[in-house]
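Q: I have a structure here, written as structure tokens, and I will follow up with some questions on it.
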Amino acid sequence: MNVQNILLNLEAKHPGEQEYLQAVTEVLESIEGIYNENPQYESAKIIERLVEPDRILTFRVSWVDDRGQVQVNLGHRVQFNNAIGPYKGGLRLHPSVNLSILKFLGFEQTFKNALTTLPMGGAKGGSDFNPKGKSDNEIMRFCQAFMLELWHIIGPNTDVPAGDIGTGGREIGYLYGMYKKLKMENTGILTGKGLNWGGSLVRPEATGFGATYFVNEMLKANNDSFKGKIVTVSGFGNVAWGVALKVTELGGKVVTISGPDGYIYDEKGLDADKIDYLLTLRASNNDIVSPYAEEFPEAKFIANKKPWEVTCDIAMPSAIQNELNDDDAALLLSNDVKYVAEVSNMGCTSEAVEAFHKAQIPFGPGKAVNAGGVGVSGLEMSQNAMKLNWTVEEVDAKLHQMMFSIHEACTKYGTEPDGYVNYVDGANIAGFIKVADAMLDQGII
Ligand code: NDP
């Protein structure tokens with residue numbers, strides 16, 4: 001494989017799709033060695049087939065706002081690869097959504113899902129619709145209009161969407177309601193459902209809890225633990241609150257949360273009561289960052305800055321892609337950060353990742369660290385298929401085991417001769433082998 005040639009070719013075919021090209025570059029660089037040692041991959045043109053999605057559906061979504069005005073958005077579903085199971089991946093509702101972002105997310109999802117050990121292929125979808133400031137009724141009308149197109153290409157054994165940025169339990173409910181009406185069936189077509197209509201216990205917390213279990217394995221591998229560690233976290237969405245909850249439970253101190261307009265520094269650290277307060281604010285659809293600083297006077301709001309300037313032992317970006325760049329990495333390193341783990345997908349730029357590797361800091365990539373979310377979605381699908389519910393203890397134990405085996409896989413394929421674990425290479429190689437071998441078994445399709 002000539003990585004440069006493949007990338008040049010992709011760039012020419014998809015000019016300007018920066019996030020997608022960034023994600024592909026990272027994987028190709030990790031797997032080049034193993035690919036070239038296995039000529040069967042080259043003769044089946046595995047890479048050329050794996051870097052392009054199986055198909056993309058783009059559609060118009062027309063809906064009526066509360067003032068009676070017609071609004072028009074674009075919707076997409078990128079079905080990336082189904083070599084090891086039905087397409088699976090979230091729906092992102094955010095004004096920044098475009099095909100480059102959804103293709104990067106679908107590509108990453110393919111390897112992430114392979115790492116979970118469950119039979120799930122990779123996909124991603126979403127819309128440039130902005131849920132911020134919309135009423136419940138507007139959200140419902142948008143979700144219904146979105147599903148009126150999407151339902152044609154999804155199904156419990158074909159493609160099972162889930163939540164992501166801007167898509168939480170409320171949106172999943174409206175999407176599910178419309179699918180059920182159109183299809184006249186109750187199947188596990190979406191994950192992240194409400195508990196009383198097919199959802200799984202622990203799914204809301206799964207991404208954050210799983211990420212914390214993964215980091216705990218990174219710590220254990222260095223004879224270390226969360227006890228007394230200062231942890232910086234960004235965002236405060238579906239994922240970040242689970243991180244805050246579990247890190248606090250394991251004895252760490254989460255001192256930051258953030259939004260696009262700045263961050264909160266709470267030297268005393270979040271606790272269960274503060275997390276509850278934040279959740280109430282979030283549920284009211286209001287800004288959470290500045291009211292928090294008013295309610296807890298020991299906390300400071302630092303406008304237009306990112307939490308990476310705060311001295312910490314562990315940094316866990318949990319908001320959006322490329323939220324931690326090379327300047328942020330330099331700041332963290334100069335403040336003696338000991339571990340970094342992406343909870344957001346591709347939360348760090350390539351330059352930042354390179355800086356952590358160069359400094360030999362254990363760095364966990366999103367596709368390994370945040371795989372617990374889709375992992376428990378997979379468990380939700382199993383429970384739906386069996387028409388039964390597992391207890392919190394059963395789901396949590398399975399999530400724990402999954403994160404442990406993902407960490408093992410990273411160590412197996414990513415340990416360098418000097419003992420440093422390159423988790424990026426480890427995750428990419430382990431995920432790639434599973435998907436590539438399945439593609440070989442299934443012929444040229
Ligand atoms: P949410 O929409 O629930 O939360 C996103 C959070 O990030 C919000 O607090 C938002 O603040 C904040 N945010 C958005 N943009 C910025 C920015 N530019 N700078 C700082 N903060 C920002 O999304 P999720 O928690 O679901 O997703 C977060 C990340 O985790 C994404 O990368 C997602 O792909 C990834 N992920 C999510 C999974 C899931 O189960 N939901 C599974 C695996 C990965 P505000 O609300 O004020 O805009």
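By order in the structure tokens, chains are A, B, ...; within a chain, residues start at 1; ligands start at 1, following the order shown.
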Using only C-alpha atoms and all ligand atoms, determine which residues fall within 6 Å of ligand 1, then list them as a compact mmCIF listing (two decimals) with all heavy atoms, in the first residue's frame.
A:
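Result written to out_7.txt:
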```txt
# COMPACT_ATOMS: atom_id res chain seq x y z
N GLY A 163 -28.24 8.07 19.12
CA GLY A 163 -28.03 9.50 19.39
C GLY A 163 -26.60 9.94 19.11
O GLY A 163 -25.72 9.13 18.85
N ASP A 164 -26.39 11.22 19.13
CA ASP A 164 -25.06 11.84 19.06
C ASP A 164 -25.28 13.30 19.47
O ASP A 164 -26.34 13.61 20.07
CB ASP A 164 -24.45 11.72 17.65
CG ASP A 164 -22.99 12.15 17.62
OD1 ASP A 164 -22.15 11.46 18.21
OD2 ASP A 164 -22.67 13.21 17.03
N ILE A 165 -24.41 14.19 19.10
CA ILE A 165 -24.58 15.59 19.46
C ILE A 165 -25.96 16.07 19.00
O ILE A 165 -26.34 15.85 17.84
CB ILE A 165 -23.47 16.46 18.83
CG1 ILE A 165 -22.13 16.10 19.49
CG2 ILE A 165 -23.77 17.94 18.98
CD1 ILE A 165 -20.95 16.90 18.97
N GLY A 166 -26.71 16.66 19.90
CA GLY A 166 -28.03 17.22 19.55
C GLY A 166 -29.14 16.19 19.50
O GLY A 166 -30.31 16.54 19.33
N THR A 207 -21.48 5.84 27.51
CA THR A 207 -20.28 6.36 26.85
C THR A 207 -19.32 6.92 27.91
O THR A 207 -18.12 6.61 27.90
CB THR A 207 -20.65 7.45 25.83
OG1 THR A 207 -21.69 6.93 25.00
CG2 THR A 207 -19.47 7.83 24.97
N GLY A 235 -17.13 20.23 27.55
CA GLY A 235 -18.54 19.97 27.24
C GLY A 235 -19.30 19.67 28.52
O GLY A 235 -18.73 19.58 29.61
N PHE A 236 -20.61 19.57 28.40
CA PHE A 236 -21.39 18.93 29.47
C PHE A 236 -22.66 18.41 28.84
O PHE A 236 -23.76 18.87 29.08
CB PHE A 236 -21.68 19.86 30.66
CG PHE A 236 -22.16 19.05 31.85
CD1 PHE A 236 -21.24 18.35 32.61
CD2 PHE A 236 -23.50 18.92 32.15
CE1 PHE A 236 -21.65 17.54 33.66
CE2 PHE A 236 -23.93 18.11 33.20
CZ PHE A 236 -23.01 17.43 33.96
N GLY A 237 -22.48 17.43 27.96
CA GLY A 237 -23.61 16.84 27.26
C GLY A 237 -23.83 15.41 27.73
O GLY A 237 -23.42 15.03 28.83
N ASN A 238 -24.44 14.61 26.83
CA ASN A 238 -24.76 13.21 27.14
C ASN A 238 -23.57 12.45 27.67
O ASN A 238 -23.69 11.58 28.53
CB ASN A 238 -25.21 12.50 25.85
CG ASN A 238 -26.52 13.05 25.34
OD1 ASN A 238 -27.42 13.35 26.12
ND2 ASN A 238 -26.63 13.23 24.03
N VAL A 239 -22.39 12.77 27.10
CA VAL A 239 -21.20 11.99 27.37
C VAL A 239 -20.44 12.52 28.59
O VAL A 239 -20.05 11.77 29.48
CB VAL A 239 -20.33 12.03 26.08
CG1 VAL A 239 -18.92 11.62 26.36
CG2 VAL A 239 -20.96 11.16 25.01
N ALA A 240 -20.27 13.85 28.65
CA ALA A 240 -19.43 14.44 29.69
C ALA A 240 -20.01 14.20 31.09
O ALA A 240 -19.27 13.99 32.05
CB ALA A 240 -19.24 15.93 29.43
N SER A 258 -17.40 22.61 30.08
CA SER A 258 -17.34 23.77 29.17
C SER A 258 -18.49 23.80 28.17
O SER A 258 -19.24 22.83 28.03
CB SER A 258 -16.00 23.77 28.42
OG SER A 258 -16.01 22.77 27.43
N GLY A 259 -18.58 24.92 27.49
CA GLY A 259 -19.50 25.08 26.37
C GLY A 259 -18.73 25.80 25.29
O GLY A 259 -17.54 26.13 25.48
N PRO A 260 -19.37 26.11 24.16
CA PRO A 260 -18.64 26.77 23.06
C PRO A 260 -18.15 28.17 23.46
O PRO A 260 -17.25 28.71 22.83
CB PRO A 260 -19.66 26.86 21.93
CG PRO A 260 -20.79 25.98 22.32
CD PRO A 260 -20.76 25.81 23.80
N SER A 318 -14.51 15.97 25.79
CA SER A 318 -15.78 15.24 25.68
C SER A 318 -16.83 16.04 24.93
O SER A 318 -18.04 15.85 25.15
CB SER A 318 -16.32 14.91 27.08
OG SER A 318 -15.36 14.26 27.86
N ALA A 319 -16.42 16.99 24.05
CA ALA A 319 -17.41 17.84 23.39
C ALA A 319 -17.50 17.57 21.88
O ALA A 319 -18.51 17.05 21.39
CB ALA A 319 -17.09 19.31 23.66
N ILE A 320 -16.46 17.91 21.13
CA ILE A 320 -16.59 17.92 19.66
C ILE A 320 -15.24 17.65 19.01
O ILE A 320 -14.20 17.75 19.67
CB ILE A 320 -17.22 19.27 19.22
CG1 ILE A 320 -17.86 19.17 17.84
CG2 ILE A 320 -16.23 20.42 19.32
CD1 ILE A 320 -18.95 20.20 17.59
N GLN A 321 -15.23 17.33 17.72
CA GLN A 321 -13.96 16.99 17.05
C GLN A 321 -12.99 18.17 17.01
O GLN A 321 -13.41 19.33 16.96
CB GLN A 321 -14.20 16.46 15.61
CG GLN A 321 -14.71 17.45 14.61
CD GLN A 321 -16.23 17.59 14.63
OE1 GLN A 321 -16.90 16.90 15.36
NE2 GLN A 321 -16.77 18.51 13.84
N VAL A 343 -12.80 11.50 24.63
CA VAL A 343 -14.12 10.89 24.77
C VAL A 343 -14.97 11.34 23.57
O VAL A 343 -15.77 10.58 23.03
CB VAL A 343 -14.79 11.27 26.10
CG1 VAL A 343 -16.01 10.39 26.34
CG2 VAL A 343 -13.80 11.12 27.25
N SER A 344 -14.74 12.57 23.12
CA SER A 344 -15.37 13.00 21.87
C SER A 344 -14.69 12.25 20.71
O SER A 344 -13.57 11.76 20.85
CB SER A 344 -15.20 14.51 21.67
OG SER A 344 -13.90 14.93 22.02
N ASN A 345 -15.37 12.16 19.60
CA ASN A 345 -14.78 11.53 18.42
C ASN A 345 -13.76 12.47 17.80
O ASN A 345 -14.08 13.61 17.50
CB ASN A 345 -15.88 11.21 17.38
CG ASN A 345 -16.68 9.99 17.78
OD1 ASN A 345 -16.11 8.94 18.04
ND2 ASN A 345 -18.00 10.13 17.86
N ASN A 370 -14.42 5.84 23.68
CA ASN A 370 -15.87 6.09 23.78
C ASN A 370 -16.73 4.95 23.23
O ASN A 370 -17.94 5.08 23.07
CB ASN A 370 -16.24 7.44 23.13
CG ASN A 370 -16.11 7.46 21.62
OD1 ASN A 370 -16.30 6.43 20.95
ND2 ASN A 370 -15.82 8.62 21.05
N GLY A 373 -20.40 3.47 24.48
CA GLY A 373 -21.72 3.97 24.10
C GLY A 373 -22.37 3.05 23.09
O GLY A 373 -23.47 2.51 23.31
```
Q: When you look at A:Val160 with a cut-off of 6 Å (counting only C-alpha atoms), what residues show up, excluding the ones that are within fewer than 2 positions of it in the same chain? I need them as a PyMOL selection string.
A: chain A and resi 88+156+189-190
Q: Convert the current residue selection to file output with N, CA and C atoms, as a PDB file, in the first residue's frame.
A:
```pdb
ATOM      1  N   LYS A  88     -24.474   0.635  12.022  1.00  0.00           N
ATOM      2  CA  LYS A  88     -24.842   1.146  13.360  1.00  0.00           C
ATOM      3  C   LYS A  88     -24.049   2.413  13.612  1.00  0.00           C
ATOM      4  N   PRO A 156     -34.128  -3.139  11.750  1.00  0.00           N
ATOM      5  CA  PRO A 156     -33.402  -3.737  12.876  1.00  0.00           C
ATOM      6  C   PRO A 156     -32.267  -4.676  12.465  1.00  0.00           C
ATOM      7  N   ILE A 189     -35.415  -0.494  16.369  1.00  0.00           N
ATOM      8  CA  ILE A 189     -34.867   0.223  15.223  1.00  0.00           C
ATOM      9  C   ILE A 189     -33.906   1.350  15.601  1.00  0.00           C
ATOM     10  N   LEU A 190     -34.069   1.912  16.796  1.00  0.00           N
ATOM     11  CA  LEU A 190     -33.112   2.934  17.253  1.00  0.00           C
ATOM     12  C   LEU A 190     -32.624   2.491  18.632  1.00  0.00           C
TER      13      LEU A 190
END
```
Q: Would you kindly return, as a PyMOL selection string, each protein, DNA or RNA residue with an atom no farther than 9 Å from any atom of A:Pro161, considering only C-alpha atoms and excluding same-chain residues fewer than 3 positions away?
A: chain A and resi 87-91+123-125+154+189-191
Q: Go ahead and save the residues from that selection, with N, CA, C and O atoms, as a PDB file, in the first residue's frame.
A:
```pdb
ATOM      1  N   TYR A  87     -25.441  -1.942   9.789  1.00  0.00           N
ATOM      2  CA  TYR A  87     -24.893  -0.589   9.980  1.00  0.00           C
ATOM      3  C   TYR A  87     -25.376  -0.064  11.333  1.00  0.00           C
ATOM      4  O   TYR A  87     -26.540  -0.273  11.707  1.00  0.00           O
ATOM      5  N   LYS A  88     -24.474   0.635  12.022  1.00  0.00           N
ATOM      6  CA  LYS A  88     -24.842   1.146  13.360  1.00  0.00           C
ATOM      7  C   LYS A  88     -24.049   2.413  13.612  1.00  0.00           C
ATOM      8  O   LYS A  88     -22.834   2.449  13.429  1.00  0.00           O
ATOM      9  N   GLY A  89     -24.725   3.470  14.038  1.00  0.00           N
ATOM     10  CA  GLY A  89     -24.043   4.728  14.343  1.00  0.00           C
ATOM     11  C   GLY A  89     -25.068   5.811  14.568  1.00  0.00           C
ATOM     12  O   GLY A  89     -26.222   5.700  14.134  1.00  0.00           O
ATOM     13  N   GLY A  90     -24.650   6.884  15.238  1.00  0.00           N
ATOM     14  CA  GLY A  90     -25.587   7.904  15.698  1.00  0.00           C
ATOM     15  C   GLY A  90     -26.043   8.886  14.633  1.00  0.00           C
ATOM     16  O   GLY A  90     -25.597   8.868  13.481  1.00  0.00           O
ATOM     17  N   LEU A  91     -26.963   9.748  15.072  1.00  0.00           N
ATOM     18  CA  LEU A  91     -27.476  10.843  14.233  1.00  0.00           C
ATOM     19  C   LEU A  91     -27.071  12.150  14.919  1.00  0.00           C
ATOM     20  O   LEU A  91     -27.418  12.367  16.081  1.00  0.00           O
ATOM     21  N   ALA A 123     -21.831   3.291  10.601  1.00  0.00           N
ATOM     22  CA  ALA A 123     -22.650   4.273   9.869  1.00  0.00           C
ATOM     23  C   ALA A 123     -22.702   5.571  10.671  1.00  0.00           C
ATOM     24  O   ALA A 123     -22.280   5.609  11.819  1.00  0.00           O
ATOM     25  N   LYS A 124     -23.199   6.609  10.080  1.00  0.00           N
ATOM     26  CA  LYS A 124     -23.446   7.863  10.803  1.00  0.00           C
ATOM     27  C   LYS A 124     -24.447   8.667   9.997  1.00  0.00           C
ATOM     28  O   LYS A 124     -24.538   8.517   8.770  1.00  0.00           O
ATOM     29  N   GLY A 125     -25.171   9.530  10.661  1.00  0.00           N
ATOM     30  CA  GLY A 125     -26.122  10.352   9.926  1.00  0.00           C
ATOM     31  C   GLY A 125     -26.381  11.631  10.679  1.00  0.00           C
ATOM     32  O   GLY A 125     -25.772  11.899  11.716  1.00  0.00           O
ATOM     33  N   ILE A 154     -33.527   2.019   6.704  1.00  0.00           N
ATOM     34  CA  ILE A 154     -33.078   1.438   7.977  1.00  0.00           C
ATOM     35  C   ILE A 154     -33.979   0.272   8.367  1.00  0.00           C
ATOM     36  O   ILE A 154     -35.044   0.073   7.787  1.00  0.00           O
ATOM     37  N   ILE A 189     -35.415  -0.494  16.369  1.00  0.00           N
ATOM     38  CA  ILE A 189     -34.867   0.223  15.223  1.00  0.00           C
ATOM     39  C   ILE A 189     -33.906   1.350  15.601  1.00  0.00           C
ATOM     40  O   ILE A 189     -33.054   1.733  14.819  1.00  0.00           O
ATOM     41  N   LEU A 190     -34.069   1.912  16.796  1.00  0.00           N
ATOM     42  CA  LEU A 190     -33.112   2.934  17.253  1.00  0.00           C
ATOM     43  C   LEU A 190     -32.624   2.491  18.632  1.00  0.00           C
ATOM     44  O   LEU A 190     -33.362   1.809  19.349  1.00  0.00           O
ATOM     45  N   THR A 191     -31.422   2.898  18.994  1.00  0.00           N
ATOM     46  CA  THR A 191     -30.997   2.647  20.374  1.00  0.00           C
ATOM     47  C   THR A 191     -30.926   3.981  21.108  1.00  0.00           C
ATOM     48  O   THR A 191     -30.875   5.039  20.488  1.00  0.00           O
TER      49      THR A 191
END
```
Q: Determine the nearest neighbour of A:Ser377 from the options A:Asn113, A:Thr349, A:Asn98, A:Thr167, counting only C-alpha atoms.
A: A:Asn113
Q: Find the residues around A:Gly122 up to 8 Å (only C-alpha atoms counted), leave out those fewer than 5 positions away in its own chain, and share them as a VMD selection string.
A: chain A and resid 79 to 82 86 to 89 106 to 111 113
Q: If you run DSSP on this backbone, which residues of stretch 158-336 of chain A come out as helix (DSSP H, G or I), and could you give them as a ChimeraX atom specification?
A: /A:169-183,195-197,203-221,238-249,272-283,289-295,307-309,326-334
Q: Write out as a list in words which residues come within 9 Å of A:Tyr420 when counting only C-alpha atoms, dropping same-chain ones fewer than 6 positions away.
A: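 After dropping sequence-adjacent residues, the list is Gln360, Ile361, Pro362 and Gly414 of chain A.
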Q: If we count only C-alpha atoms and set the cut-off at 10 Å, which residues sit around A:Thr187, ignoring sequence neighbours fewer than 3 positions away in its own chain? Please answer as a PDB file with all heavy atoms, in the first residue's frame.
A:
```pdb
ATOM      1  N   GLY A 155     -33.536  -0.499   9.349  1.00  0.00           N
ATOM      2  CA  GLY A 155     -34.318  -1.643   9.828  1.00  0.00           C
ATOM      3  C   GLY A 155     -33.488  -2.360  10.875  1.00  0.00           C
ATOM      4  O   GLY A 155     -32.265  -2.219  10.886  1.00  0.00           O
ATOM      5  N   PRO A 156     -34.128  -3.139  11.750  1.00  0.00           N
ATOM      6  CA  PRO A 156     -33.402  -3.737  12.876  1.00  0.00           C
ATOM      7  C   PRO A 156     -32.267  -4.676  12.465  1.00  0.00           C
ATOM      8  O   PRO A 156     -31.356  -4.914  13.248  1.00  0.00           O
ATOM      9  CB  PRO A 156     -34.485  -4.488  13.656  1.00  0.00           C
ATOM     10  CG  PRO A 156     -35.672  -4.523  12.771  1.00  0.00           C
ATOM     11  CD  PRO A 156     -35.568  -3.418  11.780  1.00  0.00           C
ATOM     12  N   ASN A 157     -32.340  -5.221  11.226  1.00  0.00           N
ATOM     13  CA  ASN A 157     -31.234  -6.063  10.758  1.00  0.00           C
ATOM     14  C   ASN A 157     -30.456  -5.410   9.632  1.00  0.00           C
ATOM     15  O   ASN A 157     -29.644  -6.052   8.961  1.00  0.00           O
ATOM     16  CB  ASN A 157     -31.756  -7.427  10.298  1.00  0.00           C
ATOM     17  CG  ASN A 157     -32.357  -8.186  11.457  1.00  0.00           C
ATOM     18  OD1 ASN A 157     -31.718  -8.307  12.511  1.00  0.00           O
ATOM     19  ND2 ASN A 157     -33.591  -8.647  11.299  1.00  0.00           N
ATOM     20  N   TYR A 176     -38.466   7.472  16.819  1.00  0.00           N
ATOM     21  CA  TYR A 176     -38.994   6.121  16.980  1.00  0.00           C
ATOM     22  C   TYR A 176     -40.497   6.100  16.743  1.00  0.00           C
ATOM     23  O   TYR A 176     -41.040   5.221  16.065  1.00  0.00           O
ATOM     24  CB  TYR A 176     -38.673   5.608  18.387  1.00  0.00           C
ATOM     25  CG  TYR A 176     -39.082   4.181  18.630  1.00  0.00           C
ATOM     26  CD1 TYR A 176     -38.287   3.129  18.194  1.00  0.00           C
ATOM     27  CD2 TYR A 176     -40.272   3.877  19.305  1.00  0.00           C
ATOM     28  CE1 TYR A 176     -38.664   1.814  18.409  1.00  0.00           C
ATOM     29  CE2 TYR A 176     -40.653   2.561  19.530  1.00  0.00           C
ATOM     30  CZ  TYR A 176     -39.841   1.536  19.088  1.00  0.00           C
ATOM     31  OH  TYR A 176     -40.216   0.235  19.302  1.00  0.00           O
ATOM     32  N   TYR A 179     -41.182   6.191  13.041  1.00  0.00           N
ATOM     33  CA  TYR A 179     -40.810   4.934  12.365  1.00  0.00           C
ATOM     34  C   TYR A 179     -41.874   3.873  12.629  1.00  0.00           C
ATOM     35  O   TYR A 179     -42.320   3.170  11.725  1.00  0.00           O
ATOM     36  CB  TYR A 179     -39.443   4.446  12.871  1.00  0.00           C
ATOM     37  CG  TYR A 179     -39.012   3.150  12.213  1.00  0.00           C
ATOM     38  CD1 TYR A 179     -38.349   3.169  10.987  1.00  0.00           C
ATOM     39  CD2 TYR A 179     -39.302   1.919  12.788  1.00  0.00           C
ATOM     40  CE1 TYR A 179     -37.974   1.985  10.354  1.00  0.00           C
ATOM     41  CE2 TYR A 179     -38.931   0.729  12.165  1.00  0.00           C
ATOM     42  CZ  TYR A 179     -38.270   0.779  10.953  1.00  0.00           C
ATOM     43  OH  TYR A 179     -37.912  -0.390  10.326  1.00  0.00           O
ATOM     44  N   LYS A 180     -42.278   3.782  13.900  1.00  0.00           N
ATOM     45  CA  LYS A 180     -43.262   2.783  14.316  1.00  0.00           C
ATOM     46  C   LYS A 180     -44.572   2.985  13.557  1.00  0.00           C
ATOM     47  O   LYS A 180     -45.209   2.054  13.101  1.00  0.00           O
ATOM     48  CB  LYS A 180     -43.488   2.948  15.821  1.00  0.00           C
ATOM     49  CG  LYS A 180     -44.261   1.860  16.485  1.00  0.00           C
ATOM     50  CD  LYS A 180     -44.331   2.136  17.970  1.00  0.00           C
ATOM     51  CE  LYS A 180     -45.023   3.463  18.180  1.00  0.00           C
ATOM     52  NZ  LYS A 180     -46.189   3.423  19.031  1.00  0.00           N
ATOM     53  N   LYS A 183     -44.007   1.993   9.769  1.00  0.00           N
ATOM     54  CA  LYS A 183     -43.655   0.601   9.507  1.00  0.00           C
ATOM     55  C   LYS A 183     -44.641  -0.358  10.158  1.00  0.00           C
ATOM     56  O   LYS A 183     -44.669  -1.548   9.825  1.00  0.00           O
ATOM     57  CB  LYS A 183     -42.245   0.397  10.070  1.00  0.00           C
ATOM     58  CG  LYS A 183     -41.515  -0.790   9.637  1.00  0.00           C
ATOM     59  CD  LYS A 183     -40.985  -0.732   8.228  1.00  0.00           C
ATOM     60  CE  LYS A 183     -40.312  -2.045   7.957  1.00  0.00           C
ATOM     61  NZ  LYS A 183     -40.219  -2.461   6.626  1.00  0.00           N
ATOM     62  N   MET A 184     -45.461   0.161  11.088  1.00  0.00           N
ATOM     63  CA  MET A 184     -46.410  -0.639  11.859  1.00  0.00           C
ATOM     64  C   MET A 184     -45.726  -1.800  12.554  1.00  0.00           C
ATOM     65  O   MET A 184     -46.175  -2.943  12.508  1.00  0.00           O
ATOM     66  CB  MET A 184     -47.518  -1.172  10.936  1.00  0.00           C
ATOM     67  CG  MET A 184     -48.305  -0.055  10.316  1.00  0.00           C
ATOM     68  SD  MET A 184     -50.063  -0.133  10.590  1.00  0.00           S
ATOM     69  CE  MET A 184     -50.559  -1.645   9.871  1.00  0.00           C
ATOM     70  N   LEU A 190     -34.069   1.912  16.796  1.00  0.00           N
ATOM     71  CA  LEU A 190     -33.112   2.934  17.253  1.00  0.00           C
ATOM     72  C   LEU A 190     -32.624   2.491  18.632  1.00  0.00           C
ATOM     73  O   LEU A 190     -33.362   1.809  19.349  1.00  0.00           O
ATOM     74  CB  LEU A 190     -33.808   4.291  17.396  1.00  0.00           C
ATOM     75  CG  LEU A 190     -34.229   4.973  16.103  1.00  0.00           C
ATOM     76  CD1 LEU A 190     -35.553   5.701  16.306  1.00  0.00           C
ATOM     77  CD2 LEU A 190     -33.174   5.945  15.612  1.00  0.00           C
ATOM     78  N   GLY A 198     -38.364  -0.132  25.494  1.00  0.00           N
ATOM     79  CA  GLY A 198     -37.324  -0.913  24.804  1.00  0.00           C
ATOM     80  C   GLY A 198     -35.902  -0.467  25.044  1.00  0.00           C
ATOM     81  O   GLY A 198     -34.968  -1.063  24.510  1.00  0.00           O
ATOM     82  N   MET A 381     -29.778  -3.725  21.514  1.00  0.00           N
ATOM     83  CA  MET A 381     -30.297  -4.501  20.381  1.00  0.00           C
ATOM     84  C   MET A 381     -30.501  -5.971  20.778  1.00  0.00           C
ATOM     85  O   MET A 381     -31.493  -6.599  20.410  1.00  0.00           O
ATOM     86  CB  MET A 381     -29.331  -4.411  19.188  1.00  0.00           C
ATOM     87  CG  MET A 381     -29.323  -3.051  18.512  1.00  0.00           C
ATOM     88  SD  MET A 381     -27.879  -2.809  17.441  1.00  0.00           S
ATOM     89  CE  MET A 381     -28.235  -3.898  16.068  1.00  0.00           C
ATOM     90  N   ASN A 384     -33.584  -6.241  22.905  1.00  0.00           N
ATOM     91  CA  ASN A 384     -34.791  -6.080  22.080  1.00  0.00           C
ATOM     92  C   ASN A 384     -35.081  -7.366  21.310  1.00  0.00           C
ATOM     93  O   ASN A 384     -36.219  -7.810  21.222  1.00  0.00           O
ATOM     94  CB  ASN A 384     -34.625  -4.931  21.082  1.00  0.00           C
ATOM     95  CG  ASN A 384     -34.578  -3.555  21.736  1.00  0.00           C
ATOM     96  OD1 ASN A 384     -34.122  -2.600  21.136  1.00  0.00           O
ATOM     97  ND2 ASN A 384     -35.032  -3.434  22.969  1.00  0.00           N
ATOM     98  N   ALA A 385     -34.019  -7.981  20.765  1.00  0.00           N
ATOM     99  CA  ALA A 385     -34.215  -9.198  19.966  1.00  0.00           C
ATOM    100  C   ALA A 385     -34.732 -10.331  20.848  1.00  0.00           C
ATOM    101  O   ALA A 385     -35.570 -11.127  20.435  1.00  0.00           O
ATOM    102  CB  ALA A 385     -32.897  -9.600  19.300  1.00  0.00           C
ATOM    103  N   LYS A 387     -36.400  -9.818  23.584  1.00  0.00           N
ATOM    104  CA  LYS A 387     -37.599  -9.296  24.245  1.00  0.00           C
ATOM    105  C   LYS A 387     -37.523  -9.465  25.761  1.00  0.00           C
ATOM    106  O   LYS A 387     -38.445  -9.954  26.411  1.00  0.00           O
ATOM    107  CB  LYS A 387     -38.875  -9.933  23.677  1.00  0.00           C
ATOM    108  CG  LYS A 387     -38.971  -9.820  22.156  1.00  0.00           C
ATOM    109  CD  LYS A 387     -40.379  -9.590  21.678  1.00  0.00           C
ATOM    110  CE  LYS A 387     -40.506  -9.497  20.175  1.00  0.00           C
ATOM    111  NZ  LYS A 387     -39.639  -8.553  19.508  1.00  0.00           N
TER     112      LYS A 387
END
```
Q: Give me, as a tab-separated table, the closest atom pair and its distance (Å, one decimal) for every residue of stretch 179-294 of chain A within a cut-off of 7 Å of stretch 169-175 of chain A, counting only C-alpha atoms, rows sorted by chain and rising number.
A:
```
residue	atom	partner	partner_atom	distance
A:Tyr179	CA	A:Leu175	CA	6.3
A:Gly192	CA	A:Gly169	CA	6.3
A:Lys193	CA	A:Ile172	CA	6.3
A:Gly194	CA	A:Gly169	CA	6.7
```
Q: I need the chosen residues saved as a PDB file, in the first residue's frame, with N, CA, C and O atoms.
A:
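The resulting file, selection39.pdb, is shown below:
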```pdb
ATOM      1  N   TYR A 179     -41.182   6.191  13.041  1.00  0.00           N
ATOM      2  CA  TYR A 179     -40.810   4.934  12.365  1.00  0.00           C
ATOM      3  C   TYR A 179     -41.874   3.873  12.629  1.00  0.00           C
ATOM      4  O   TYR A 179     -42.320   3.170  11.725  1.00  0.00           O
ATOM      5  N   GLY A 192     -30.939   3.863  22.470  1.00  0.00           N
ATOM      6  CA  GLY A 192     -31.048   5.076  23.282  1.00  0.00           C
ATOM      7  C   GLY A 192     -32.514   5.349  23.563  1.00  0.00           C
ATOM      8  O   GLY A 192     -32.912   6.481  23.852  1.00  0.00           O
ATOM      9  N   LYS A 193     -33.358   4.291  23.451  1.00  0.00           N
ATOM     10  CA  LYS A 193     -34.803   4.460  23.658  1.00  0.00           C
ATOM     11  C   LYS A 193     -35.111   4.631  25.149  1.00  0.00           C
ATOM     12  O   LYS A 193     -34.289   4.312  26.009  1.00  0.00           O
ATOM     13  N   GLY A 194     -36.336   5.086  25.435  1.00  0.00           N
ATOM     14  CA  GLY A 194     -36.788   5.213  26.827  1.00  0.00           C
ATOM     15  C   GLY A 194     -36.871   3.833  27.462  1.00  0.00           C
ATOM     16  O   GLY A 194     -37.153   2.840  26.768  1.00  0.00           O
TER      17      GLY A 194
END
```
Q: Could you check which of A:Ser350, A:Asn9, A:Asn36, A:Ser127 is closest to A:Asn73, using only C-alpha atoms?
A: A:Ser127
Q: Using only C-alpha atoms for the distances, tell me which of A:Ile433, A:Tyr35, A:Leu331, A:Leu278 is nearest to A:Ala352.
A: A:Leu331
